[in-house]
$ cat start01.tsv   # TSV, C-alpha atoms
chain	number	residue	atom	x	y	z
E	1	MET	CA	24.22	20.83	3.90
E	2	GLN	CA	22.69	18.80	6.72
E	3	CYS	CA	20.66	15.57	6.36
E	4	ALA	CA	17.31	17.21	7.18
E	5	GLU	CA	17.85	19.94	4.62
E	6	LEU	CA	18.96	17.49	1.95
E	7	GLN	CA	16.00	15.22	2.48
E	8	GLN	CA	13.64	18.17	2.05
E	9	HIS	CA	15.12	18.76	-1.38
E	10	ILE	CA	15.11	15.22	-2.77
E	11	ASP	CA	11.88	15.87	-4.65
E	12	ASP	CA	13.31	19.07	-6.13
E	13	ARG	CA	16.44	17.25	-7.21
E	14	LEU	CA	14.52	14.47	-8.94
E	15	ASP	CA	12.16	17.00	-10.48
E	16	LYS	CA	15.21	18.86	-11.86
E	17	GLN	CA	14.25	21.97	-9.95
E	18	LEU	CA	17.64	22.58	-8.31
E	19	SER	CA	20.39	24.80	-9.62
E	20	GLU	CA	23.77	23.35	-10.55
E	21	ALA	CA	25.31	24.80	-7.39
E	22	GLU	CA	22.62	23.19	-5.21
E	23	CYS	CA	23.12	19.84	-6.94
E	24	THR	CA	26.88	20.04	-6.33
E	25	GLU	CA	26.28	20.80	-2.67
E	26	MET	CA	23.90	17.87	-2.41
E	27	ASP	CA	26.35	15.50	-4.14
E	28	ALA	CA	29.05	16.48	-1.69
E	29	HIS	CA	26.81	15.48	1.20
E	30	LEU	CA	25.67	12.24	-0.46
E	31	GLU	CA	29.26	11.17	-0.97
E	32	HIS	CA	29.78	10.62	2.74
E	33	CYS	CA	26.18	10.01	4.01
E	34	ALA	CA	24.79	6.51	3.49
E	35	ALA	CA	21.41	7.36	5.07
E	36	CYS	CA	20.75	10.18	2.62
E	37	ARG	CA	21.95	8.07	-0.33
E	38	CYS	CA	19.47	5.44	0.77
E	39	ALA	CA	16.66	8.04	0.97
E	40	VAL	CA	17.44	9.23	-2.56
E	41	VAL	CA	17.52	5.67	-3.92
E	42	GLU	CA	14.19	4.83	-2.24
E	43	GLU	CA	12.60	7.89	-3.79
E	44	GLU	CA	14.04	7.02	-7.20
E	45	GLN	CA	12.67	3.49	-6.88
E	46	LEU	CA	9.22	4.80	-5.99
E	47	ARG	CA	9.25	7.10	-9.02
E	48	GLU	CA	10.38	4.22	-11.23
E	49	ALA	CA	7.63	1.95	-9.91
E	50	LEU	CA	5.04	4.68	-10.54
E	51	ARG	CA	6.25	5.16	-14.11
E	52	ASP	CA	6.26	1.40	-14.71
E	53	MET	CA	2.79	0.68	-13.37
E	54	PRO	CA	1.13	-1.19	-16.20
E	55	ILE	CA	-1.73	0.17	-18.26
E	56	PRO	CA	-3.80	-2.39	-20.14
E	57	ASP	CA	-4.44	-1.58	-23.78
E	58	ALA	CA	-7.78	-0.01	-24.51
E	59	SER	CA	-10.29	-2.46	-25.96
E	60	ALA	CA	-9.77	-3.35	-29.62
E	61	GLY	CA	-10.77	-0.53	-31.96
E	62	PHE	CA	-11.53	1.84	-29.11
E	63	ALA	CA	-10.14	5.00	-30.74
E	64	ALA	CA	-12.09	4.62	-33.98
E	65	ARG	CA	-15.22	3.54	-32.10
E	66	ALA	CA	-15.03	6.46	-29.66
E	67	LEU	CA	-14.67	8.97	-32.49
E	68	ARG	CA	-17.62	7.45	-34.34
E	69	ARG	CA	-19.75	7.49	-31.20
E	70	ALA	CA	-18.87	11.12	-30.52
E	71	ALA	CA	-20.21	12.02	-33.94
E	72	ALA	CA	-23.25	9.77	-33.54
E	73	ALA	CA	-24.10	11.09	-30.06
E	74	ASN	CA	-24.11	14.63	-31.35
E	75	ALA	CA	-26.23	13.61	-34.31
E	76	VAL	CA	-28.73	11.86	-31.98
E	77	ASP	CA	-29.18	15.11	-30.05
E	78	HIS	CA	-30.84	16.54	-33.16
E	79	HIS	CA	-33.11	13.51	-33.81
E	80	PRO	CA	-35.81	13.05	-31.13
E	81	VAL	CA	-37.10	9.88	-32.85
E	82	ARG	CA	-33.84	8.10	-32.09
E	83	LYS	CA	-34.11	9.19	-28.48
E	84	ASN	CA	-37.49	7.50	-28.22
E	85	ALA	CA	-36.04	4.28	-29.57
E	86	PHE	CA	-33.31	4.53	-26.95
E	87	MET	CA	-35.87	4.98	-24.18
E	88	GLY	CA	-37.72	1.87	-25.40
E	89	GLY	CA	-34.54	-0.15	-25.03
E	90	PHE	CA	-34.00	1.35	-21.64
E	91	ALA	CA	-37.43	0.26	-20.43
E	92	ALA	CA	-36.54	-3.31	-21.36
E	93	ALA	CA	-33.33	-3.02	-19.38
E	94	LEU	CA	-35.32	-1.71	-16.42
E	95	VAL	CA	-37.51	-4.83	-16.35
E	96	ALA	CA	-34.42	-7.03	-16.44
E	97	GLY	CA	-32.99	-4.94	-13.65
E	98	PHE	CA	-35.89	-5.50	-11.33
E	99	VAL	CA	-35.57	-9.23	-11.80
E	100	LEU	CA	-31.99	-8.91	-10.66
E	101	TRP	CA	-32.94	-6.70	-7.74
E	102	PHE	CA	-35.46	-9.13	-6.33
E	103	VAL	CA	-32.97	-11.97	-6.05
E	104	SER	CA	-31.44	-10.06	-3.11
E	105	GLY	CA	-31.31	-12.08	0.07
E	106	VAL	CA	-32.04	-11.08	3.66
E	107	TYR	CA	-29.36	-8.79	4.96
E	108	ASP	CA	-28.31	-8.11	8.52
E	109	PRO	CA	-26.24	-4.93	8.65
E	110	SER	CA	-23.56	-4.44	11.25
E	111	GLY	CA	-20.45	-2.27	11.69
E	112	GLU	CA	-19.65	1.29	10.66
E	113	PHE	CA	-21.25	2.85	7.61
E	114	ALA	CA	-20.25	5.19	4.83
E	115	PRO	CA	-16.59	6.07	5.05
E	116	GLN	CA	-15.86	8.94	2.65
E	117	GLN	CA	-12.61	7.66	1.19
E	118	VAL	CA	-12.92	5.25	-1.69
E	119	GLN	CA	-10.60	2.32	-1.16
E	120	LEU	CA	-10.39	-0.72	-3.35
E	121	ALA	CA	-11.27	-3.88	-1.50
E	122	GLU	CA	-10.51	-7.27	-2.97
E	123	VAL	CA	-12.79	-10.26	-3.30
E	124	SER	CA	-11.86	-13.71	-4.57
E	125	ILE	CA	-14.14	-16.21	-6.22
E	126	SER	CA	-13.34	-19.64	-7.65
E	127	LEU	CA	-12.94	-20.35	-11.33
E	128	HIS	CA	-15.97	-21.92	-13.08
E	129	GLU	CA	-18.17	-21.60	-9.99
E	130	THR	CA	-20.99	-19.19	-9.27
E	131	GLN	CA	-20.64	-17.36	-6.01
E	132	SER	CA	-22.66	-14.49	-4.54
E	133	VAL	CA	-21.16	-11.11	-3.84
E	134	LYS	CA	-23.36	-8.72	-1.88
E	135	LEU	CA	-23.22	-4.95	-2.27
E	136	ALA	CA	-24.90	-2.80	0.36
E	137	PHE	CA	-25.98	0.82	-0.07
E	138	ASN	CA	-27.17	3.15	2.64
E	139	THR	CA	-29.40	6.19	2.11
E	140	PRO	CA	-30.56	8.73	4.71
E	141	GLU	CA	-34.01	8.79	3.04
E	142	ALA	CA	-35.99	6.76	0.53
E	143	LEU	CA	-35.04	7.55	-3.07
E	144	GLU	CA	-37.02	6.91	-6.23
E	145	ASN	CA	-35.81	6.34	-9.74
E	146	VAL	CA	-32.23	5.61	-8.80
E	147	ARG	CA	-29.98	4.31	-11.55
E	148	VAL	CA	-27.87	1.28	-10.75
E	149	ALA	CA	-25.09	0.46	-13.23
E	150	LEU	CA	-22.64	-2.41	-13.10
E	151	VAL	CA	-19.46	-2.69	-15.14
E	152	LEU	CA	-18.04	-6.18	-15.05
E	153	PRO	CA	-14.42	-7.03	-15.79
E	154	ASP	CA	-13.87	-9.32	-18.79
E	155	HIS	CA	-13.20	-12.44	-16.74
E	156	VAL	CA	-16.54	-12.69	-14.90
E	157	GLU	CA	-20.20	-12.96	-15.83
E	158	LEU	CA	-23.36	-12.16	-13.99
E	159	GLU	CA	-25.49	-15.29	-13.92
E	160	GLY	CA	-28.36	-14.91	-16.38
E	161	TYR	CA	-26.54	-12.21	-18.36
E	162	PRO	CA	-23.92	-14.09	-20.41
E	163	GLY	CA	-21.50	-11.84	-22.28
E	164	ARG	CA	-22.85	-8.62	-20.75
E	165	ARG	CA	-20.10	-6.31	-19.53
E	166	GLN	CA	-22.38	-3.42	-18.62
E	167	ILE	CA	-25.80	-3.70	-17.01
E	168	ALA	CA	-27.90	-0.75	-15.85
E	169	TRP	CA	-31.41	-0.30	-14.53
E	170	TYR	CA	-33.58	2.01	-12.42
E	171	THR	CA	-35.00	1.15	-9.05
E	172	ASN	CA	-36.16	2.70	-5.76
E	173	LEU	CA	-34.11	2.62	-2.57
E	174	ARG	CA	-35.65	2.43	0.86
E	175	LYS	CA	-34.35	4.51	3.74
E	176	GLY	CA	-31.39	2.82	5.40
E	177	ASP	CA	-29.64	-0.24	4.09
E	178	ASN	CA	-30.29	-1.74	0.68
E	179	VAL	CA	-28.52	-4.87	-0.40
E	180	LEU	CA	-27.87	-6.23	-3.86
E	181	THR	CA	-26.76	-9.83	-4.28
E	182	LEU	CA	-24.83	-10.59	-7.45
E	183	PRO	CA	-24.36	-14.21	-8.51
E	184	LEU	CA	-21.01	-14.02	-10.31
E	185	ALA	CA	-19.27	-16.73	-12.31
E	186	GLY	CA	-15.51	-16.67	-12.86
E	187	LEU	CA	-14.60	-17.32	-16.52
E	188	ARG	CA	-10.82	-16.99	-16.36
E	189	SER	CA	-8.22	-16.98	-13.63
E	190	GLU	CA	-7.56	-13.23	-13.55
E	191	LYS	CA	-7.99	-10.10	-11.46
E	192	GLY	CA	-9.93	-7.02	-12.54
E	193	VAL	CA	-11.91	-4.09	-11.25
E	194	PHE	CA	-15.66	-4.43	-10.76
E	195	THR	CA	-17.59	-1.15	-10.71
E	196	ALA	CA	-21.04	-0.50	-9.30
E	197	GLN	CA	-22.46	2.98	-9.70
E	198	ILE	CA	-25.65	4.14	-8.10
E	199	GLY	CA	-27.21	7.56	-8.24
E	200	THR	CA	-29.89	10.03	-9.12
E	201	GLY	CA	-29.85	12.34	-12.13
E	202	LYS	CA	-27.60	14.93	-10.49
E	203	ALA	CA	-25.20	12.88	-8.41
E	204	SER	CA	-23.95	9.38	-8.03
E	205	LYS	CA	-21.77	7.19	-5.87
E	206	GLN	CA	-19.38	4.59	-7.12
E	207	LEU	CA	-18.07	1.43	-5.53
E	208	ARG	CA	-15.10	-0.28	-7.11
E	209	PHE	CA	-13.39	-3.40	-5.93
E	210	TYR	CA	-10.98	-5.97	-7.24
E	211	LEU	CA	-12.59	-9.20	-8.28
E	212	ASN	CA	-10.05	-11.96	-8.28
E	213	VAL	CA	-10.93	-15.24	-9.97
E	214	GLU	CA	-8.75	-18.02	-8.64
E	215	GLN	CA	-8.28	-21.53	-9.83
E	216	ALA	CA	-9.75	-23.83	-7.20
E	217	GLY	CA	-7.20	-26.28	-5.77
E	218	PHE	CA	-4.26	-24.72	-7.63
E	219	SER	CA	-2.82	-23.04	-4.55
E	220	THR	CA	-2.92	-26.19	-2.46
E	221	LEU	CA	-0.86	-28.06	-5.04
E	222	GLU	CA	1.65	-25.21	-5.20
E	223	ALA	CA	1.98	-25.09	-1.43
E	224	GLU	CA	2.58	-28.84	-1.24
E	225	GLY	CA	5.21	-28.62	-3.96
E	226	SER	CA	7.16	-25.94	-2.17
E	227	VAL	CA	7.50	-27.77	1.16
A	1	MET	CA	-28.10	27.21	-53.67
A	2	LYS	CA	-24.48	28.18	-53.59
A	3	ASN	CA	-24.83	29.09	-49.91
A	4	ILE	CA	-26.41	25.76	-49.05
A	5	PHE	CA	-23.64	23.94	-50.85
A	6	SER	CA	-20.95	25.93	-49.03
A	7	ILE	CA	-22.62	25.26	-45.66
A	8	TRP	CA	-22.78	21.53	-46.41
A	9	GLN	CA	-19.15	21.61	-47.49
A	10	ALA	CA	-18.13	23.45	-44.31
A	11	ARG	CA	-19.98	20.96	-42.08
A	12	ASN	CA	-18.47	18.04	-43.92
A	13	THR	CA	-14.97	19.47	-43.53
A	14	GLU	CA	-15.65	20.08	-39.84
A	15	ASP	CA	-16.68	16.43	-39.24
A	16	THR	CA	-13.61	15.06	-41.00
A	17	GLY	CA	-11.45	17.54	-39.14
A	18	PHE	CA	-12.60	16.33	-35.74
A	19	GLU	CA	-11.43	12.76	-36.32
A	20	GLU	CA	-8.16	13.81	-37.90
A	21	LEU	CA	-7.53	16.30	-35.16
A	22	LEU	CA	-8.34	14.06	-32.21
A	23	ALA	CA	-7.21	10.61	-33.35
A	24	PRO	CA	-3.49	11.20	-32.62
A	25	HIS	CA	-4.32	12.17	-29.02
A	26	ILE	CA	-6.60	9.33	-28.01
A	27	ASP	CA	-3.93	6.90	-26.80
A	28	ARG	CA	-2.43	9.53	-24.53
A	29	LEU	CA	-5.86	10.57	-23.26
A	30	TYR	CA	-6.72	6.95	-22.53
A	31	ARG	CA	-3.45	6.50	-20.61
A	32	LEU	CA	-4.16	9.57	-18.52
A	33	ALA	CA	-7.78	8.53	-17.98
A	34	TYR	CA	-6.59	5.11	-16.84
A	35	ARG	CA	-4.18	6.70	-14.38
A	36	PHE	CA	-7.04	8.77	-12.98
A	37	SER	CA	-9.67	6.08	-12.80
A	38	GLY	CA	-7.64	2.90	-12.29
A	39	ASN	CA	-9.59	0.67	-14.66
A	40	ARG	CA	-10.12	0.30	-18.38
A	41	HIS	CA	-13.90	0.66	-18.49
A	42	ASP	CA	-13.95	3.94	-16.61
A	43	ALA	CA	-10.98	5.22	-18.59
A	44	GLU	CA	-12.71	4.50	-21.90
A	45	ASP	CA	-15.95	6.04	-20.63
A	46	LEU	CA	-14.11	9.17	-19.58
A	47	VAL	CA	-12.39	9.59	-22.94
A	48	GLN	CA	-15.66	8.86	-24.72
A	49	GLU	CA	-17.51	11.50	-22.72
A	50	LEU	CA	-14.80	14.04	-23.45
A	51	LEU	CA	-15.03	13.37	-27.19
A	52	VAL	CA	-18.81	13.70	-27.12
A	53	LYS	CA	-18.50	17.06	-25.36
A	54	LEU	CA	-15.79	18.29	-27.74
A	55	TYR	CA	-17.39	17.23	-30.99
A	56	PRO	CA	-19.54	20.36	-31.38
A	57	ARG	CA	-16.43	22.48	-30.78
A	58	SER	CA	-14.42	21.23	-33.77
A	59	THR	CA	-13.82	24.70	-35.15
A	60	GLU	CA	-12.52	25.95	-31.82
A	61	LEU	CA	-10.24	22.92	-31.50
A	62	ASN	CA	-8.62	23.77	-34.81
A	63	SER	CA	-7.51	27.10	-33.43
A	64	ILE	CA	-5.84	25.72	-30.30
A	65	GLU	CA	-2.08	25.92	-30.64
A	66	LYS	CA	-1.06	23.16	-28.23
A	67	LEU	CA	-3.96	20.78	-28.45
A	68	GLY	CA	-2.36	17.91	-26.44
A	69	PRO	CA	-2.01	19.78	-23.14
A	70	TRP	CA	-5.38	21.46	-23.70
A	71	LEU	CA	-7.06	18.07	-24.10
A	72	SER	CA	-5.31	16.71	-21.01
A	73	LYS	CA	-6.53	19.70	-19.05
A	74	SER	CA	-10.09	19.16	-20.30
A	75	LEU	CA	-9.92	15.49	-19.37
A	76	TYR	CA	-8.63	16.37	-15.92
A	77	HIS	CA	-11.49	18.83	-15.29
A	78	LEU	CA	-14.07	16.37	-16.58
A	79	PHE	CA	-12.73	13.68	-14.27
A	80	ILE	CA	-12.71	16.03	-11.27
A	81	ASP	CA	-16.30	17.15	-12.03
A	82	GLN	CA	-17.47	13.53	-12.30
A	83	SER	CA	-15.72	12.60	-9.07
A	84	ARG	CA	-17.32	15.52	-7.22
A	85	ARG	CA	-20.74	14.47	-8.47
A	86	ILE	CA	-20.04	11.05	-7.03
A	87	THR	CA	-18.82	12.49	-3.71
A	88	ASN	CA	-21.89	14.74	-3.38
A	89	SER	CA	-24.40	11.97	-3.91
A	90	PRO	CA	-27.04	11.41	-1.22
A	91	VAL	CA	-26.35	7.70	-1.56
A	92	ALA	CA	-23.63	6.43	0.74
A	93	LEU	CA	-21.89	3.15	0.35
A	94	ALA	CA	-22.02	0.90	3.34
A	95	GLU	CA	-18.46	-0.13	2.64
A	96	GLY	CA	-17.76	-1.64	6.04
A	97	VAL	CA	-20.38	-4.26	5.29
A	98	GLY	CA	-20.93	-3.42	1.66
A	99	LEU	CA	-18.83	-6.13	0.22
A	100	GLU	CA	-19.49	-9.57	1.42
A	101	LEU	CA	-18.47	-12.88	-0.06
A	102	GLU	CA	-20.41	-15.95	0.87
A	103	GLU	CA	-17.77	-18.51	-0.06
A	104	VAL	CA	-14.21	-17.26	-0.03
A	105	ALA	CA	-11.59	-19.24	-1.90
A	106	CYS	CA	-8.23	-19.32	-0.12
A	107	VAL	CA	-5.07	-19.19	-2.20
A	108	ASN	CA	-1.51	-19.33	-0.90
A	109	GLY	CA	0.49	-19.58	-4.09
A	110	ARG	CA	4.30	-19.48	-4.12
A	111	PRO	CA	5.29	-16.01	-5.31
A	112	ASP	CA	7.86	-15.80	-8.08
A	113	GLU	CA	9.58	-12.60	-9.12
A	114	ASN	CA	6.86	-11.56	-11.52
A	115	MET	CA	4.20	-12.10	-8.90
A	116	MET	CA	6.17	-10.04	-6.40
A	117	ARG	CA	6.35	-7.21	-8.95
A	118	GLN	CA	2.60	-7.51	-9.49
A	119	GLN	CA	2.08	-7.40	-5.74
A	120	GLN	CA	4.22	-4.27	-5.52
A	121	PHE	CA	2.07	-2.64	-8.18
A	122	ALA	CA	-1.10	-3.76	-6.42
A	123	THR	CA	0.12	-2.28	-3.12
A	124	LEU	CA	1.09	0.93	-4.88
A	125	GLU	CA	-2.28	1.13	-6.61
A	126	LYS	CA	-4.15	0.62	-3.35
A	127	ALA	CA	-2.06	3.33	-1.70
A	128	LEU	CA	-2.73	5.68	-4.63
A	129	PHE	CA	-6.46	5.17	-4.32
A	130	THR	CA	-6.31	5.86	-0.59
A	131	ILE	CA	-4.81	9.35	-0.82
A	132	ASN	CA	-7.11	12.19	-1.78
A	133	LEU	CA	-8.22	12.76	-5.34
A	134	ASP	CA	-6.28	15.97	-6.01
A	135	GLN	CA	-3.06	14.40	-4.77
A	136	ARG	CA	-3.60	11.24	-6.80
A	137	THR	CA	-4.29	13.09	-10.05
A	138	LEU	CA	-1.22	15.25	-9.53
A	139	ILE	CA	1.01	12.20	-9.02
A	140	ALA	CA	-0.65	10.54	-12.01
A	141	MET	CA	0.11	13.45	-14.29
A	142	HIS	CA	3.61	14.28	-13.06
A	143	ASP	CA	5.22	11.12	-11.74
A	144	MET	CA	3.40	8.55	-13.86
A	145	GLU	CA	2.70	10.27	-17.16
A	146	GLY	CA	5.67	12.63	-17.20
A	147	TYR	CA	4.02	16.05	-17.46
A	148	THR	CA	6.58	18.62	-16.30
A	149	LEU	CA	5.90	21.11	-13.54
A	150	PRO	CA	5.79	24.09	-15.94
A	151	GLU	CA	3.35	22.16	-18.17
A	152	LEU	CA	1.13	21.36	-15.20
A	153	SER	CA	1.37	24.89	-13.91
A	154	SER	CA	-0.04	26.10	-17.19
A	155	MET	CA	-2.58	23.28	-17.54
A	156	LEU	CA	-3.98	23.64	-14.03
A	157	ASP	CA	-3.64	27.45	-13.79
A	158	THR	CA	-1.62	27.00	-10.61
A	159	PRO	CA	1.60	28.86	-9.68
A	160	LEU	CA	4.71	26.70	-9.92
A	161	GLY	CA	5.55	27.08	-6.22
A	162	THR	CA	2.06	26.03	-5.13
A	163	LEU	CA	2.21	23.06	-7.46
A	164	LYS	CA	5.58	21.95	-6.07
A	165	SER	CA	4.25	22.12	-2.50
A	166	ARG	CA	1.15	20.14	-3.44
A	167	LEU	CA	3.18	17.52	-5.22
A	168	HIS	CA	5.53	17.27	-2.24
A	169	ARG	CA	2.57	16.74	0.11
A	170	ALA	CA	1.00	14.23	-2.29
A	171	ARG	CA	4.16	12.11	-2.32
A	172	ALA	CA	4.42	12.35	1.45
A	173	SER	CA	0.83	11.04	1.74
A	174	LEU	CA	1.61	8.24	-0.69
A	175	ARG	CA	4.76	7.22	1.21
A	176	GLU	CA	2.77	7.30	4.46
A	177	GLN	CA	0.15	4.96	2.99
A	178	LEU	CA	2.82	2.64	1.63
A	179	THR	CA	4.52	2.50	5.01
A	180	GLU	CA	1.20	1.68	6.69
A	181	LYS	CA	0.48	-1.09	4.21
A	182	GLN	CA	3.92	-2.61	4.63
A	183	GLU	CA	3.63	-2.70	8.42
$ encode --input "start01.tsv" --output "structure tokens"
Amino acid sequence: MQCAELQQHIDDRLDKQLSEAECTEMDAHLEHCAACRCAVVEEEQLREALRDMPIPDASAGFAARALRRAAAANAVDHHPVRKNAFMGGFAAALVAGFVLWFVSGVYDPSGEFAPQQVQLAEVSISLHETQSVKLAFNTPEALENVRVALVLPDHVELEGYPGRRQIAWYTNLRKGDNVLTLPLAGLRSEKGVFTAQIGTGKASKQLRFYLNVEQAGFSTLEAEGSV
Amino acid sequence: MKNIFSIWQARNTEDTGFEELLAPHIDRLYRLAYRFSGNRHDAEDLVQELLVKLYPRSTELNSIEKLGPWLSKSLYHLFIDQSRRITNSPVALAEGVGLELEEVACVNGRPDENMMRQQQFATLEKALFTINLDQRTLIAMHDMEGYTLPELSSMLDTPLGTLKSRLHRARASLREQLTEKQE
């Protein structure tokens, strides 16, 4: 077995898709080839890192709550009166949403727009300070009745909405660039994913980014200590 | 009267059955949903939406022999459908300028071992969310959550050979992204 052939079969080996004879042949090559041993170890390390990537626990009581809500949601479908009550609450949220929308500042767009691949960017704000993060959306034509929904990580708050983790409202978008300025306050020194979803009834687009709350001044002290 | 009573009894049994049937699977569904979506809120929303959709099908669920893989498959399809709705939206994100911070705090902390591990995970996560959706979900199910190739072949209605090739290409894309990020 040559190096090129072996390296094509590393995945198969780790996936336990090789026969005993093929494994023996591979082992014989690995015994005297440091480069291939290294390639196998690197692949094993990548697999290990993937398996070990942490998953935060679901929020407290999620399983029981989700099961209850599944039952309740299906019950609501048969009770139009409850739907009306829901719409009333939604109208109130809409008003709140417009207040938020109109705090947007003047925006001067530049650069390339609308890459297709979603990639998580990272933004840092200081602990116990309110700083503005701007989100910009681009539409090829004006859109009415667009739903904007924000999901905040636990360690930040939107100014004026203490304790709210999810905020949604309807608005209209003008053709071209639309900007939303979010005054965010960092509550704890932590990093989490911030999600903004915007869309019509049939389709939506999601922007997710890491919001990192950092302790102001902490890094400077650390850097001085390490010199 | 007897009929009404038996209908009520049947409905009541059905409701209880749903919770009993699904409760043991929720942790695993949440894990998988988290691997797909990358954050807790979206993962919980995804599981919640699946449960809402499945609730009226309690009777059918009782007849499914291997419920775990069936639920994972349903979750996968729901996630893919949602993601396609997002991709097909007329609203585009101006990502190049879409995220702007007015005052950026600068931190240069001294990394210890734990931080380095966290950074490795962060790099890996960014690379995962750069490769395409089908590749990411495949890696999530096989390499992260431990579904075997035969299980996935059955779950995704895909021949084993095709699945192996896709997984091979997915890992190659991931390694390529990791190399780019390390350079």
$ closest_residue --input "start01.tsv" --among "E:Lys134, E:Arg147, E:Arg47, E:Lys191" --to "A:Leu174" --atoms "only C-alpha atoms"
E:Arg47
$ residues_around --input "start01.tsv" --residues "A:Tyr30" --least-positions-apart "2" --cutoff "10 Å" --atoms "all atoms listed in the file" --output "list in words"
Ile55, Asp57, Ala58, Phe62 and Ala63 of chain E; His25, Ile26, Asp27, Arg28, Leu32, Ala33, Tyr34, Arg35, Phe36, Arg40, Asp42, Ala43, Glu44, Asp45, Leu46, Val47, Gln48, Ser72 and Leu75 of chain A
$ write_last_selection --input "start01.tsv" --atoms "C-alpha atoms" --output "tab-separated table (two decimals), in the coordinates of the input"
chain	number	residue	atom	x	y	z
E	55	ILE	CA	-1.73	0.17	-18.26
E	57	ASP	CA	-4.44	-1.58	-23.78
E	58	ALA	CA	-7.78	-0.01	-24.51
E	62	PHE	CA	-11.53	1.84	-29.11
E	63	ALA	CA	-10.14	5.00	-30.74
A	25	HIS	CA	-4.32	12.17	-29.02
A	26	ILE	CA	-6.60	9.33	-28.01
A	27	ASP	CA	-3.93	6.90	-26.80
A	28	ARG	CA	-2.43	9.53	-24.53
A	32	LEU	CA	-4.16	9.57	-18.52
A	33	ALA	CA	-7.78	8.53	-17.98
A	34	TYR	CA	-6.59	5.11	-16.84
A	35	ARG	CA	-4.18	6.70	-14.38
A	36	PHE	CA	-7.04	8.77	-12.98
A	40	ARG	CA	-10.12	0.30	-18.38
A	42	ASP	CA	-13.95	3.94	-16.61
A	43	ALA	CA	-10.98	5.22	-18.59
A	44	GLU	CA	-12.71	4.50	-21.90
A	45	ASP	CA	-15.95	6.04	-20.63
A	46	LEU	CA	-14.11	9.17	-19.58
A	47	VAL	CA	-12.39	9.59	-22.94
A	48	GLN	CA	-15.66	8.86	-24.72
A	72	SER	CA	-5.31	16.71	-21.01
A	75	LEU	CA	-9.92	15.49	-19.37
$ residues_around --input "start01.tsv" --residues "A:Leu138" --least-positions-apart "5" --cutoff "10 Å" --atoms "all atoms listed in the file" --output "ChimeraX atom specification"
/A:36,76,133,143-145,147,152,156,163,166-167,170-171
$ atom_distance --input "start01.tsv" --atom1 "atom CA of A:Trp70" --atom2 "atom CA of A:Leu29"
10.9 Å
$ closest_residue --input "start01.tsv" --among "E:Met1, E:Ala136, E:Ile10, E:Leu158" --to "E:Cys38" --atoms "all atoms listed in the file"
E:Ile10
$ closest_residue --input "start01.tsv" --among "E:Ala142, E:Leu14, E:Val148, E:Cys33" --to "A:His142" --atoms "all atoms listed in the file"
E:Leu14
$ atom_distance --input "start01.tsv" --atom1 "atom CA of E:Arg208" --atom2 "atom CA of E:Ala149"
11.7 Å
